[in-house]
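These notes are about the structure you will find just below.
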Amino acid sequence: MSATERPANPNLVAPKSSRLFGPLWSSQSIIALIALAALEAVFVAMARLGDLSVHIPEFMALALGAGVLYFVALYALEHTPENRAVLWLLLLGALAFRLTLFPYPPSLSTDVHRYRWDGHVQNAGWNPYAVAPTDPRLAPLRDPGWAVMPAPEIPTMYPPLSELVFRATWRVLPGPVGFKLPFLLADLAVAAMLAGWIRSTGGRNYQIAIYAWNPLVVVEFASSGHNDALAIAGVVATLLIIRRLPAMSTLTLTAGALSKAFPAVLLPLALVRAGWPGKWRGWLAAAGCAALAAVCIWPFRHAGHEFLGMLKYYQLIWRNYNSSIYPVVVWATGSHELAAGIGEGVVLGLALWLAVRRADPTRAAFLLIGTVLLFAPNGYSWYFTWIVPLLCFYPSAAWLLLTVLQFLSYKIFINYRAVGDWHFDPFFQWLTYAPFYVLLGWEILRDRRKMSLPDDGL
C-alpha cells in the first residue's frame with residue numbers, strides 16, 4: 001500500500017457496478033472473522049495483564065503481535081472481493097476491541113488523572129489555567145490520582161474545549177475509567193464517520209479497517225483514554241462536510257483545534273475554501289470561528305498571563321521526547337529554539353502554500369499532519385493516531401508501520417521503574433523511525449518511477 005500509488009479518492013462516488021458484494025460466507029467475510037477473533041484474543045490477553053506499566057515486555061510483545069495480525073488482515077481484505085456483510089464485521093470488531101480494554105483503569109499514561117483534576121478544580125470554582133495542582137490552596141481537592149498526574153507544578157496545558165469536557169465529565173463520571181468515556185465515544189464516532197464516508201464514495205472495506213482495527217488507536221483511546229480523539233473527530237467531520245458546507249466546516253475544525261491544537265494547521269485552507277478573504281461568506285465563517293473560540297475561552301478569560309507563562313515553560317521543559325526529525329535539526333543547529341522554529345516555519349509555510357493552491361482538503365490534511373508529526377519536538381505514541389484516519393484514503397505501508405512501531409516507545413517504563421529515569425532510549429528511537437524512513441523512501445522512489453513510465457494505452 002502506498003500513499004501515492006493507490007489513493008482512494010474521497011471525492012468521487014464509484015458506480016454501483018464497481019461494488020462487488022459476495023455471499024455472506026465469502027472469502028473476505030471468512031478472513032474478517034478469523035482476523036477479528038485473532039485480534040480480540042490479543043486484546044483479551046492484554047487486558048488480563050492488568051497494570052500494563054508493570055508488564056511492559058509482555059505488553060510490547062502483544063501490541064507488536066497485534067500489529068502483525070493487523071497488517072495481514074489489511075492485506076487479505078484488500079486482495080479479496082468485497083462483501084457487504086464484512087462492513088458490519090469490521091464495525092463489530094472495532095467495538096469489541098475497545099470494550100475489551102475500556103473497563104480497566106489507564107496504566108500506560110497518567111493523562112486521565114490530569115483531566116480529572118482539571119474537571120474537579122473547575123467544579124470547585126477554580127480556574128485550571130490560573131493555579132497549579134501543587135498550589136496549597138487546592139490541597140483539600142487532592143485524591144490518589146493527584147500523586148501521579150503529569151506536570152503538577154504548572155497550570156493546565158489543555159485547550160479550552162477539552163477543559164469544558166473535563167468539567168462536564170467530572171460531574172457525572174469522576175472515576176478514572178468513566179473519564180475515558182467521552183474520548184472512547186469520539187473515537188467510535190470517527191470510525192462511524194469514516195465507514196459511512198468510505199462506503200458512500202465507493203471505497204473498500206480494508207480502508208475502514210485501517211482506522212477501526214488499528215492497534216495503536218485501540219490502545220491509546222480505549223485503554224489510555226487520551227483526549228486526542230476529540231480533535232480527530234473534529235478533523236474528520238470537517239473533511240466530511242467541507243465540500244458541501246465549507247463555512248460550517250470551519251466551525252467543526254475550530255472545535256477540533258480547541259480540543260487539541262494540531263487541527264489549527266488546516267484553518268488557512270478551510271477559510272480559503274469558505275471564501276475568505278474575497279467573499280462575505282468567508283468573513284462570516286472567520287467570524288464564526290472567532291465567536292466559537294471566544295465562547296470556549298470566556299470561562300477562563302482571567303488567566304491569559306498565566307497561560308502564556310505556562311506555555312513558555314512547557315516548551316522549555318518538554319521537548320525531544322521520542323521525536324523524529326527534531327533531534328537531527330537540534331544536532332545540526334545546536335539550538336532547541338532554532339530547531340523548533342524551523343519545524344514551525346516548515347509547517348506554516350506548507351499550510352499557507354496549500355491554502356493558496358486550494359489543495360484537496362483530505363490530501364492537505366495528510367501532508368500537514370504528517371509534517372507536524374515528523375517535525376514536532378515531541379513524538380508521543382498517541383500523537384500518531386492523528387494521521388490514521390487519513391491513511392484510510394492515502395494508504396502508506398510506511399506510515400502504517402510507524403503507528404505499530406510506536407509501541408516500542410513504551411520501553412521507557414522499564415528504565416523508569418528500575419531507576420526513575422524518564423528518557424527515551426535512542427536505540428529504540430532508531431528501531432522506531434529508521435524502518436519508517438527506509439520504507440517511505442522506497443515508496444516514493446517506486447511511485448516516481450511508475451509515474452515516469454510511458455503509458456502503453458492499455
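Identifiers in the C-alpha cells: chain A, B, ... in order shown; residue index from 1 per chain; ligand index from 1 in order shown.
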Exercise for the section: Identify, on the basis of only C-alpha atoms, every residue whose closest approach to segment 85-90 of chain A does not exceed 10 Å; exclude the query and any residue fewer than 2 positions from it along the same chain; express the result as number ranges by chain. Expected result: A: 21-26, 28-33, 35-36, 77, 82-83, 92-96, 191, 195-196, 199, 204-206, 208-209, 212-213
Problem - Residue nearest Thr385 of chain A - candidates A:Val372, A:Leu216, A:Ala397, A:Val68, atoms counted: only C-alpha atoms - result: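 Ranking A:Val372, A:Leu216, A:Ala397, A:Val68 by distance to Thr385 of chain A, first place goes to A:Leu216.
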Practice task
Please run DSSP on the backbone and report, as a ChimeraX atom specification, all residues within segment 120-348 of chain A that come out as helix (DSSP H, G or I).
Solution key: /A:120-123,136-141,144-147,160-172,178-200,205-212,215-223,228-241,246-257,262-273,280-317,326-333,336-348
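The shell of residues at most 12 Å from Ala189 of chain A, with only C-alpha atoms counted and near chain neighbours (fewer than 6 positions) removed, consists of Leu91, Ala94, Leu95, Pro182, Phe183, Ala195, Gly196, Tyr211, Ala212, Ala229, Leu230, Ala231, Ile232, Ala233, Gly234, Val235, Val236, Ala237 and Pro389 of chain A.
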